[in-house]
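input-v7.cif follows (mmCIF, C-alpha atoms and all ligand atoms):
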data_query
#
loop_
_atom_site.label_atom_id
_atom_site.label_comp_id
_atom_site.auth_asym_id
_atom_site.auth_seq_id
_atom_site.Cartn_x
_atom_site.Cartn_y
_atom_site.Cartn_z
CA MET A 1 64.19 -2.78 -23.47
CA SER A 2 64.21 1.01 -23.29
CA GLY A 3 60.55 1.94 -22.66
CA LYS A 4 59.42 4.17 -19.82
CA LEU A 5 59.07 2.40 -16.47
CA VAL A 6 55.63 2.15 -14.83
CA LEU A 7 54.95 0.84 -11.33
CA VAL A 8 51.89 -1.44 -11.25
CA THR A 9 50.63 -2.14 -7.72
CA GLY A 10 49.28 -5.57 -6.76
CA ILE A 11 50.62 -7.25 -9.91
CA THR A 12 49.52 -10.75 -8.84
CA GLY A 13 45.91 -9.52 -8.75
CA PHE A 14 43.43 -10.32 -11.53
CA ILE A 15 43.19 -6.85 -13.08
CA ALA A 16 46.76 -5.74 -12.38
CA GLY A 17 48.21 -8.79 -14.17
CA GLN A 18 46.35 -7.89 -17.36
CA VAL A 19 47.22 -4.19 -16.89
CA ALA A 20 50.90 -5.09 -16.60
CA ASP A 21 50.77 -7.30 -19.71
CA ARG A 22 49.10 -4.51 -21.69
CA PHE A 23 51.76 -1.96 -20.65
CA LEU A 24 54.49 -4.44 -21.65
CA ALA A 25 52.81 -4.97 -25.03
CA ALA A 26 52.70 -1.16 -25.48
CA GLY A 27 56.49 -0.99 -25.03
CA TYR A 28 56.68 0.14 -21.39
CA ARG A 29 58.84 -1.52 -18.76
CA VAL A 30 56.84 -2.71 -15.76
CA ARG A 31 57.77 -3.01 -12.10
CA GLY A 32 55.05 -4.86 -10.20
CA THR A 33 54.54 -4.66 -6.45
CA THR A 34 53.66 -7.88 -4.70
CA ARG A 35 53.37 -9.05 -1.13
CA GLY A 36 55.57 -11.31 1.02
CA ALA A 37 57.90 -13.85 -0.51
CA LYS A 38 56.18 -13.64 -3.92
CA ALA A 39 58.46 -10.83 -5.15
CA LYS A 40 61.59 -12.94 -4.71
CA GLN A 41 59.96 -16.08 -6.13
CA LEU A 42 58.64 -14.25 -9.18
CA SER A 43 61.96 -12.48 -9.77
CA GLU A 44 63.62 -15.90 -9.87
CA THR A 45 61.03 -17.68 -12.00
CA VAL A 46 59.43 -15.13 -14.36
CA LYS A 47 61.94 -14.07 -16.98
CA VAL A 48 60.17 -11.58 -19.23
CA GLU A 49 62.03 -8.70 -20.82
CA GLY A 50 61.07 -5.42 -19.20
CA LEU A 51 59.23 -7.01 -16.26
CA GLU A 52 60.49 -6.87 -12.67
CA PHE A 53 59.00 -7.33 -9.21
CA VAL A 54 59.36 -5.48 -5.92
CA GLN A 55 58.09 -6.42 -2.48
CA VAL A 56 55.50 -4.08 -0.96
CA ASP A 57 53.73 -5.85 1.91
CA ASP A 58 51.20 -3.17 2.72
CA ILE A 59 50.50 -0.37 0.31
CA ALA A 60 48.97 1.63 3.17
CA THR A 61 52.01 1.71 5.43
CA ASP A 62 55.17 0.61 3.58
CA ASP A 63 57.88 3.05 2.55
CA LEU A 64 57.60 3.14 -1.25
CA THR A 65 60.83 5.05 -1.95
CA GLU A 66 62.73 2.10 -3.42
CA ALA A 67 59.72 0.84 -5.42
CA LEU A 68 59.36 4.29 -7.05
CA LYS A 69 62.99 4.79 -8.10
CA GLY A 70 63.24 5.58 -11.82
CA VAL A 71 59.47 5.32 -12.31
CA TYR A 72 57.74 7.46 -14.97
CA ALA A 73 54.14 6.78 -13.90
CA VAL A 74 52.31 4.96 -11.12
CA ILE A 75 49.45 2.64 -12.03
CA HIS A 76 47.73 1.95 -8.72
CA VAL A 77 45.44 -1.08 -8.93
CA ALA A 78 45.92 -2.93 -5.62
CA SER A 79 43.13 -2.80 -3.10
CA PRO A 80 41.55 -5.41 -0.87
CA LEU A 81 38.18 -6.68 -2.08
CA PRO A 82 35.38 -6.81 0.52
CA GLY A 83 34.90 -9.89 2.62
CA ARG A 84 38.59 -10.61 3.04
CA THR A 85 39.24 -8.25 5.95
CA SER A 86 37.28 -6.25 8.55
CA VAL A 87 35.35 -3.08 7.61
CA ASP A 88 37.95 -0.97 9.37
CA ASP A 89 40.84 -2.68 7.60
CA THR A 90 39.14 -2.48 4.20
CA LEU A 91 38.43 1.24 4.53
CA ASN A 92 41.79 2.08 6.12
CA SER A 93 43.72 0.12 3.56
CA ALA A 94 41.80 1.65 0.64
CA ILE A 95 41.98 5.23 1.92
CA SER A 96 45.35 5.39 3.64
CA GLY A 97 46.78 3.09 0.97
CA THR A 98 45.75 5.60 -1.66
CA ARG A 99 47.05 8.51 0.44
CA ASN A 100 50.36 6.73 1.06
CA ILE A 101 50.98 6.09 -2.61
CA LEU A 102 49.91 9.63 -3.61
CA GLU A 103 52.33 11.15 -1.07
CA ALA A 104 55.18 8.86 -2.09
CA THR A 105 54.58 9.62 -5.77
CA VAL A 106 54.81 13.38 -5.18
CA LYS A 107 57.88 12.93 -2.98
CA ALA A 108 59.56 10.95 -5.78
CA GLY A 109 58.85 13.78 -8.25
CA ILE A 110 56.59 11.57 -10.40
CA GLU A 111 53.71 13.44 -12.05
CA LYS A 112 51.56 10.86 -13.75
CA MET A 113 49.18 8.35 -12.17
CA VAL A 114 46.35 6.08 -13.29
CA ILE A 115 44.32 4.69 -10.39
CA THR A 116 41.72 1.92 -10.42
CA SER A 117 38.49 3.06 -8.84
CA SER A 118 35.13 1.32 -9.40
CA PHE A 119 31.54 1.74 -10.50
CA GLY A 120 30.97 1.64 -6.73
CA ALA A 121 32.32 5.20 -6.49
CA LEU A 122 29.46 6.44 -8.70
CA MET A 123 26.43 5.26 -6.78
CA ASP A 124 24.52 5.16 -3.53
CA PRO A 125 24.09 1.52 -2.41
CA SER A 126 20.82 2.31 -0.58
CA LEU A 127 19.16 2.94 -3.98
CA ARG A 128 19.85 -0.66 -5.08
CA PRO A 129 21.53 1.22 -7.91
CA GLY A 130 21.99 -1.67 -10.32
CA PHE A 131 18.24 -2.14 -10.68
CA ALA A 132 16.96 1.43 -10.49
CA GLY A 133 16.90 2.33 -14.19
CA ILE A 134 19.54 5.04 -13.68
CA THR A 135 22.20 5.99 -16.24
CA PHE A 136 25.44 6.80 -14.43
CA THR A 137 28.07 9.09 -15.95
CA HIS A 138 31.59 10.05 -14.88
CA ALA A 139 30.11 13.14 -13.20
CA ASP A 140 28.21 11.00 -10.63
CA TRP A 141 29.40 10.34 -7.10
CA GLY A 142 28.27 7.84 -4.48
CA VAL A 143 27.30 9.25 -1.10
CA VAL A 144 28.04 6.38 1.28
CA SER A 145 30.00 7.43 4.38
CA ARG A 146 32.37 5.57 6.69
CA GLU A 147 29.73 5.60 9.45
CA GLU A 148 27.07 4.06 7.16
CA ALA A 149 29.50 1.38 6.00
CA GLU A 150 30.28 0.48 9.61
CA LYS A 151 26.55 0.28 10.41
CA GLN A 152 25.95 -1.94 7.36
CA ALA A 153 29.07 -4.02 7.95
CA GLU A 154 27.39 -7.28 6.98
CA ASP A 155 26.58 -5.90 3.51
CA PRO A 156 29.77 -6.11 1.41
CA TYR A 157 28.35 -3.63 -1.12
CA TYR A 158 28.16 -0.84 1.46
CA VAL A 159 31.70 -1.51 2.59
CA TYR A 160 33.05 -1.80 -0.93
CA PHE A 161 31.19 1.26 -2.24
CA ALA A 162 32.36 3.27 0.80
CA SER A 163 35.95 2.19 0.27
CA LYS A 164 35.85 3.26 -3.38
CA VAL A 165 33.96 6.54 -2.83
CA LEU A 166 36.22 7.58 0.07
CA ALA A 167 39.41 6.51 -1.68
CA GLU A 168 38.49 8.34 -4.88
CA LYS A 169 37.44 11.47 -2.98
CA ALA A 170 40.84 11.35 -1.26
CA ILE A 171 42.53 11.16 -4.68
CA TRP A 172 40.87 14.27 -6.07
CA GLU A 173 41.35 16.24 -2.84
CA PHE A 174 45.03 15.37 -2.97
CA ALA A 175 45.20 16.32 -6.66
CA LYS A 176 43.73 19.73 -5.81
CA GLU A 177 46.46 20.30 -3.24
CA HIS A 178 49.19 19.04 -5.63
CA PRO A 179 48.47 20.50 -9.07
CA GLN A 180 51.70 19.04 -10.46
CA LEU A 181 50.06 15.60 -10.32
CA ASP A 182 48.24 14.50 -13.47
CA ILE A 183 45.76 11.77 -12.47
CA ALA A 184 43.22 9.60 -14.28
CA THR A 185 40.87 7.19 -12.51
CA ILE A 186 39.33 4.07 -14.10
CA LEU A 187 35.87 2.99 -12.95
CA PRO A 188 35.03 -0.53 -14.13
CA GLY A 189 31.79 -2.49 -13.83
CA PHE A 190 32.17 -6.15 -12.81
CA VAL A 191 35.43 -7.30 -14.32
CA LEU A 192 35.58 -10.79 -15.82
CA GLY A 193 37.77 -12.60 -18.34
CA PRO A 194 41.09 -14.39 -18.75
CA TYR A 195 44.15 -14.12 -16.47
CA GLY A 196 47.42 -12.34 -17.22
CA LYS A 197 50.19 -14.34 -18.89
CA HIS A 198 53.12 -14.11 -16.55
CA TYR A 199 51.84 -14.60 -13.01
CA PRO A 200 50.86 -17.52 -10.81
CA LEU A 201 47.35 -18.75 -11.64
CA PRO A 202 44.77 -18.47 -8.85
CA THR A 203 43.54 -21.27 -6.63
CA ALA A 204 39.81 -21.89 -6.21
CA SER A 205 39.70 -19.43 -3.30
CA GLN A 206 41.49 -16.67 -5.23
CA LEU A 207 39.19 -16.30 -8.23
CA GLY A 208 37.95 -12.80 -7.33
CA THR A 209 35.08 -11.67 -9.53
CA ASN A 210 35.67 -14.55 -11.97
CA GLY A 211 34.32 -16.61 -9.06
CA PHE A 212 30.86 -15.58 -10.32
CA VAL A 213 31.53 -17.28 -13.65
CA TYR A 214 33.02 -20.25 -11.83
CA GLY A 215 29.71 -20.48 -9.99
CA LEU A 216 27.89 -20.57 -13.33
CA ILE A 217 30.06 -23.25 -14.90
CA SER A 218 29.87 -25.37 -11.74
CA GLY A 219 26.09 -25.61 -12.01
CA GLY A 220 25.36 -23.08 -9.26
CA THR A 221 23.01 -20.10 -9.14
CA LEU A 222 24.11 -16.58 -8.24
CA PRO A 223 22.81 -13.59 -6.27
CA PHE A 224 21.61 -10.51 -8.13
CA VAL A 225 24.40 -8.08 -8.79
CA PRO A 226 24.32 -4.96 -10.96
CA PRO A 227 24.55 -6.41 -14.49
CA PHE A 228 27.52 -4.21 -15.53
CA ILE A 229 30.12 -6.44 -17.21
CA VAL A 230 33.49 -5.40 -18.56
CA ASP A 231 36.25 -7.55 -19.98
CA VAL A 232 39.49 -7.41 -18.02
CA ARG A 233 41.36 -6.86 -21.31
CA ASP A 234 39.33 -3.69 -21.94
CA VAL A 235 40.01 -2.55 -18.37
CA ALA A 236 43.73 -3.02 -19.02
CA LYS A 237 43.50 -1.17 -22.36
CA ALA A 238 41.83 1.79 -20.62
CA HIS A 239 44.64 2.05 -18.06
CA VAL A 240 47.23 2.27 -20.84
CA LEU A 241 45.26 4.75 -22.98
CA ALA A 242 44.38 6.96 -19.98
CA LEU A 243 48.06 7.52 -19.25
CA ASP A 244 48.43 9.44 -22.51
CA VAL A 245 45.44 11.77 -22.17
CA PRO A 246 46.69 15.36 -21.76
CA ARG A 247 46.00 17.16 -18.48
CA LYS A 248 42.39 18.16 -17.83
CA PRO A 249 40.56 19.94 -15.02
CA LEU A 250 40.09 17.91 -11.83
CA GLU A 251 37.70 14.93 -12.07
CA GLN A 252 37.51 15.18 -15.88
CA LYS A 253 39.75 12.16 -16.25
CA ARG A 254 37.33 9.79 -14.49
CA TYR A 255 36.82 6.96 -16.97
CA ILE A 256 33.92 4.53 -16.65
CA VAL A 257 34.82 1.25 -18.37
CA ASN A 258 32.04 -1.19 -19.17
CA GLY A 259 31.24 -3.49 -22.07
CA GLY A 260 27.48 -3.40 -21.45
CA ASN A 261 24.78 -5.08 -19.39
CA LEU A 262 24.34 -8.84 -19.14
CA THR A 263 22.37 -10.64 -16.42
CA TRP A 264 23.40 -14.04 -15.09
CA ARG A 265 20.25 -15.43 -16.73
CA GLU A 266 21.37 -14.07 -20.13
CA ALA A 267 24.92 -15.24 -19.50
CA VAL A 268 23.79 -18.81 -18.81
CA ALA A 269 21.51 -18.85 -21.86
CA HIS A 270 24.46 -17.73 -24.03
CA LEU A 271 26.85 -20.26 -22.50
CA ASN A 272 24.32 -23.04 -23.13
CA LYS A 273 24.24 -22.01 -26.79
CA VAL A 274 27.96 -21.68 -27.50
CA ARG A 275 29.44 -24.04 -24.89
CA PRO A 276 26.82 -26.83 -24.58
CA GLU A 277 29.46 -29.09 -23.04
CA ILE A 278 29.50 -26.87 -19.93
CA LYS A 279 26.74 -28.00 -17.57
CA THR A 280 25.10 -24.98 -15.95
CA ALA A 281 21.99 -24.70 -13.79
CA ALA A 282 18.78 -24.25 -15.83
CA VAL A 283 18.18 -20.74 -17.19
CA ASP A 284 14.94 -20.55 -15.20
CA ALA A 285 16.89 -20.99 -11.97
CA PHE A 286 18.11 -17.40 -12.55
CA ALA A 287 15.32 -14.91 -11.86
CA GLU A 288 14.85 -11.68 -13.82
CA LEU A 289 16.39 -8.57 -12.23
CA PRO A 290 14.20 -7.10 -9.47
CA GLY A 291 13.91 -3.77 -11.33
CA PRO A 292 14.93 -2.00 -14.53
CA ALA A 293 18.65 -2.37 -15.13
CA SER A 294 20.74 0.75 -14.65
CA THR A 295 23.49 1.50 -17.16
CA LEU A 296 27.02 2.87 -17.09
CA ASP A 297 27.54 5.54 -19.74
CA THR A 298 30.95 5.05 -21.38
CA LYS A 299 30.69 7.81 -24.02
CA HIS A 300 33.15 10.11 -22.21
CA THR A 301 35.68 7.25 -22.05
CA THR A 302 35.17 6.13 -25.64
CA ASP A 303 35.64 9.72 -26.90
CA ASP A 304 38.51 10.81 -24.64
CA LEU A 305 40.54 7.62 -24.94
CA ASN A 306 39.66 7.06 -28.58
CA PHE A 307 38.80 3.63 -27.25
CA GLY A 308 37.30 1.94 -30.31
CA SER A 309 34.84 -0.87 -29.67
CA TRP A 310 34.22 -2.63 -26.36
CA ILE A 311 34.36 -6.40 -26.00
CA ASP A 312 30.78 -7.74 -25.93
CA PRO A 313 29.89 -9.03 -22.41
CA LYS A 314 28.72 -12.30 -23.98
CA ASP A 315 32.22 -12.83 -25.39
CA THR A 316 33.69 -11.89 -22.01
CA ILE A 317 31.61 -14.56 -20.27
CA VAL A 318 32.78 -17.18 -22.77
CA ALA A 319 36.43 -16.09 -22.41
CA ALA A 320 36.13 -16.26 -18.62
CA ALA A 321 34.45 -19.68 -18.77
CA ASP A 322 37.15 -21.01 -21.10
CA ALA A 323 39.90 -19.64 -18.83
CA LEU A 324 38.28 -21.26 -15.80
CA VAL A 325 37.82 -24.63 -17.51
CA ALA A 326 41.54 -24.56 -18.41
CA LEU A 327 42.38 -23.48 -14.86
CA GLN A 328 40.39 -26.38 -13.38
CA LYS A 329 42.55 -28.77 -15.41
CA THR A 330 45.71 -27.27 -13.88
CA TRP A 331 44.24 -27.78 -10.38
CA ALA A 332 43.43 -31.39 -11.21
CA ALA A 333 47.01 -31.88 -12.45
P1 LIG B 401 42.40 -8.93 -6.74
O1 LIG B 401 41.97 -9.35 -5.39
O2 LIG B 401 42.57 -9.97 -7.78
O3 LIG B 401 43.75 -8.13 -6.63
C1 LIG B 401 44.00 -7.23 -5.59
C2 LIG B 401 45.49 -7.07 -5.46
O4 LIG B 401 45.75 -6.13 -4.42
C3 LIG B 401 46.21 -8.37 -5.08
O5 LIG B 401 47.40 -8.44 -5.84
C4 LIG B 401 46.53 -8.18 -3.62
O6 LIG B 401 47.71 -8.84 -3.24
C5 LIG B 401 46.74 -6.67 -3.58
N1 LIG B 401 46.54 -6.11 -2.24
C6 LIG B 401 45.44 -6.22 -1.45
N2 LIG B 401 45.63 -5.55 -0.30
C7 LIG B 401 46.87 -5.01 -0.38
C8 LIG B 401 47.65 -4.23 0.51
N3 LIG B 401 47.18 -3.83 1.69
N4 LIG B 401 48.91 -3.86 0.13
C9 LIG B 401 49.39 -4.25 -1.07
N5 LIG B 401 48.69 -4.98 -1.96
C10 LIG B 401 47.46 -5.37 -1.60
O7 LIG B 401 41.36 -7.81 -7.20
P2 LIG B 401 40.99 -7.23 -8.64
O8 LIG B 401 42.12 -7.36 -9.56
O9 LIG B 401 39.68 -7.77 -9.02
O10 LIG B 401 40.76 -5.70 -8.27
C11 LIG B 401 41.79 -4.75 -8.33
C12 LIG B 401 41.22 -3.36 -8.21
O11 LIG B 401 40.15 -3.15 -9.14
C13 LIG B 401 40.64 -3.01 -6.85
O12 LIG B 401 40.99 -1.67 -6.60
C14 LIG B 401 39.15 -3.16 -7.06
O13 LIG B 401 38.41 -2.37 -6.17
C15 LIG B 401 39.00 -2.63 -8.48
N6 LIG B 401 37.79 -3.08 -9.13
C16 LIG B 401 37.58 -4.42 -9.33
C17 LIG B 401 36.41 -4.84 -9.94
C18 LIG B 401 36.17 -6.29 -10.23
O14 LIG B 401 35.06 -6.61 -10.70
N7 LIG B 401 37.14 -7.18 -10.03
C19 LIG B 401 35.36 -3.90 -10.33
C20 LIG B 401 35.69 -2.53 -10.11
C21 LIG B 401 36.87 -2.14 -9.52
P3 LIG B 401 47.75 -10.44 -3.02
O15 LIG B 401 47.78 -11.04 -4.40
O16 LIG B 401 49.02 -10.64 -2.27
O17 LIG B 401 46.53 -10.79 -2.23
#

Take the structure I supplied and represent it as structure tokens, if you would.
Amino acid sequence: MSGKLVLVTGITGFIAGQVADRFLAAGYRVRGTTRGAKAKQLSETVKVEGLEFVQVDDIATDDLTEALKGVYAVIHVASPLPGRTSVDDTLNSAISGTRNILEATVKAGIEKMVITSSFGALMDPSLRPGFAGITFTHADWGVVSREEAEKQAEDPYYVYFASKVLAEKAIWEFAKEHPQLDIATILPGFVLGPYGKHYPLPTASQLGTNGFVYGLISGGTLPFVPPFIVDVRDVAKAHVLALDVPRKPLEQKRYIVNGGNLTWREAVAHLNKVRPEIKTAAVDAFAELPGPASTLDTKHTTDDLNFGSWIDPKDTIVAAADALVALQKTWAA
């Protein structure tokens, strides 16, 4: 296989696995970073043309020189999700991790990067932004600071939003100081859908955001979250397309990716219709949103990436539910 080589960070993660598969399908070669013994295990067991693995235990502190050898572009997806580590660790890992990979990329003479940010970088958590009737565009920025996140440590949204705002600010500051770097950032809503083809399937404690859908298909109810839903396959598609967009002024290649709005109540009603065999909690167990839904404006992304149509969130929920039902069978086996 002779395609250009991209480094995808955190390849055993939910989004990165699909991102890697999409780059492979587009003819790129992919080197995926993974932690601990997984790199060796995957190198021995996953035999896919153009796909290789490299061990990077901590994106924030490891020397990335070897991982970056021969790489055309860096696709930086890895980042801890809130709730898994302390506030300090989450913020440090997100910010210094981003800084570490930016510095290593420049040092290696690589000029192109696509970095996964989040809708959380667009909004102020104190506004309860998902239910405030606001339309967010790629020109919006969240305002949450490190100090606020530490004060609101028990609220994972504050910590997560702070990690994404501060990490993305660090990216664009770095890009200003290093004009040779050509960067795009991808800002997804809640990402749901099927898992990548070539990587170990998650256990029940590793479901990430698909854990919400697992809650639905297990008969549970869910907390309110902003109703922004995007299919993981569209998130992957955006990473690939963004790599080819010609240089633009700073912050112009911020791409919101979102299929649309869907509340858990609407999701359950749809699942009941198309997958009656899945036993969910009653639709009425899911309250209406506490305010008018905000929206993520994807026009800039659709135009710039020539994206075509987005997967309907209803179809995403069904694809995620189907993937999880199949996954449950593998656990049982
Ligand atoms: P996952 O938890 O599935 O994947 C995260 C990946 O990052 C894992 O592979 C994990 O490795 C790796 N990782 C975590 N910490 C480190 C570290 N310190 N050094 C190296 N690798 C590390 O998350 P998602 O795929 O859902 O999310 C990926 C990215 O997308 C994140 O940046 C997240 O903020 C962003 N995002 C996600 C959304 C969602 O709804 N899922 C929404 C918007 C943005 P390991 O497998 O070993 O644990």

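Each of A:Leu127, A:Ala26, A:Val159, A:Val106 was compared to ligand LIG 401 (chain B) using all atoms listed in the file, and A:Val159 turns out to be the nearest.
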
*Given a cut-off of 6 Å, what residues near ligand LIG 401 (chain B) show up using only C-alpha atoms and all ligand atoms, put as a ChimeraX atom specification?*
/A:10-16,34-35,57-60,77-81,93,116-119,188-191,208-209

_Distance query A:Lys279 at most 12 Å, only C-alpha atoms, self and fewer than 3 positions along chain excluded, as a PyMOL selection string_ = chain A and resi 214-220+268-269+271-276+282-283+321+325

*What is the distance between atom CA of A:Ile134 and atom CA of A:Phe174, in Å to one decimal?*
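Distance reported for this atom pair: 29.5 Å.
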
*Leaving out A:Leu243 and any residue of its chain fewer than 3 positions from it, which residues lie within 9 Å of it when counting only C-alpha atoms, given as a VMD selection string?*
chain A and resid 73 75 112 to 114 183 to 184 238 to 240 246

_For A:Ser145, the nearest of the candidates A:Lys47, A:Lys164, A:Arg22, A:Arg128, counting only C-alpha atoms_ =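 Closest residue, counting only C-alpha atoms: A:Lys164.
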
_My list of candidates is A:Phe286, A:Trp310, A:Tyr199, A:Phe224. Which is closest to A:Phe53 when distances are computed with all atoms listed in the file?_
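For A:Phe53, the nearest of the candidates is A:Tyr199.
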
_Between atom CA of A:Val74 and atom CA of A:Arg99, distance in Å (one decimal)_ =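 According to the coordinates, atom CA of A:Val74 and atom CA of A:Arg99 are separated by 13.2 Å.
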
*Find the residues around stretch 64-72 of chain A up to 10 Å (only C-alpha atoms counted), leave out those fewer than 3 positions away in its own chain, and share them as a PyMOL selection string.*
chain A and resi 3-7+9+28-33+53-56+58-61+100-101+103-105+107-113

Output C-alpha atoms of each residue in that selection to a file, as a short mmCIF file (atom, residue, chain, number, x, y, z; two decimals), in the coordinates of the input.
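Here's the written file result32.cif:
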data_model
loop_
_atom_site.label_atom_id
_atom_site.label_comp_id
_atom_site.auth_asym_id
_atom_site.auth_seq_id
_atom_site.Cartn_x
_atom_site.Cartn_y
_atom_site.Cartn_z
CA GLY A 3 60.55 1.94 -22.66
CA LYS A 4 59.42 4.17 -19.82
CA LEU A 5 59.07 2.40 -16.47
CA VAL A 6 55.63 2.15 -14.83
CA LEU A 7 54.95 0.84 -11.33
CA THR A 9 50.63 -2.14 -7.72
CA TYR A 28 56.68 0.14 -21.39
CA ARG A 29 58.84 -1.52 -18.76
CA VAL A 30 56.84 -2.71 -15.76
CA ARG A 31 57.77 -3.01 -12.10
CA GLY A 32 55.05 -4.86 -10.20
CA THR A 33 54.54 -4.66 -6.45
CA PHE A 53 59.00 -7.33 -9.21
CA VAL A 54 59.36 -5.48 -5.92
CA GLN A 55 58.09 -6.42 -2.48
CA VAL A 56 55.50 -4.08 -0.96
CA ASP A 58 51.20 -3.17 2.72
CA ILE A 59 50.50 -0.37 0.31
CA ALA A 60 48.97 1.63 3.17
CA THR A 61 52.01 1.71 5.43
CA ASN A 100 50.36 6.73 1.06
CA ILE A 101 50.98 6.09 -2.61
CA GLU A 103 52.33 11.15 -1.07
CA ALA A 104 55.18 8.86 -2.09
CA THR A 105 54.58 9.62 -5.77
CA LYS A 107 57.88 12.93 -2.98
CA ALA A 108 59.56 10.95 -5.78
CA GLY A 109 58.85 13.78 -8.25
CA ILE A 110 56.59 11.57 -10.40
CA GLU A 111 53.71 13.44 -12.05
CA LYS A 112 51.56 10.86 -13.75
CA MET A 113 49.18 8.35 -12.17
#

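Shortest separation to A:Ala267 among A:Val245, A:Ala132, A:Val213, A:Leu102 occurs at residue A:Val213, atoms counted being all atoms listed in the file.
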
Shell of 9 Å around A:Val143, all atoms listed in the file, local chain residues under 3 positions omitted, as a short mmCIF file (atom, residue, chain, number, x, y, z; two decimals) with C-alpha atoms, in the frame of the given file:
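Result written to around-v7.cif:
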data_model
loop_
_atom_site.label_atom_id
_atom_site.label_comp_id
_atom_site.auth_asym_id
_atom_site.auth_seq_id
_atom_site.Cartn_x
_atom_site.Cartn_y
_atom_site.Cartn_z
CA ALA A 121 32.32 5.20 -6.49
CA LEU A 122 29.46 6.44 -8.70
CA MET A 123 26.43 5.26 -6.78
CA ASP A 124 24.52 5.16 -3.53
CA PRO A 125 24.09 1.52 -2.41
CA PHE A 161 31.19 1.26 -2.24
CA ALA A 162 32.36 3.27 0.80
CA VAL A 165 33.96 6.54 -2.83
#
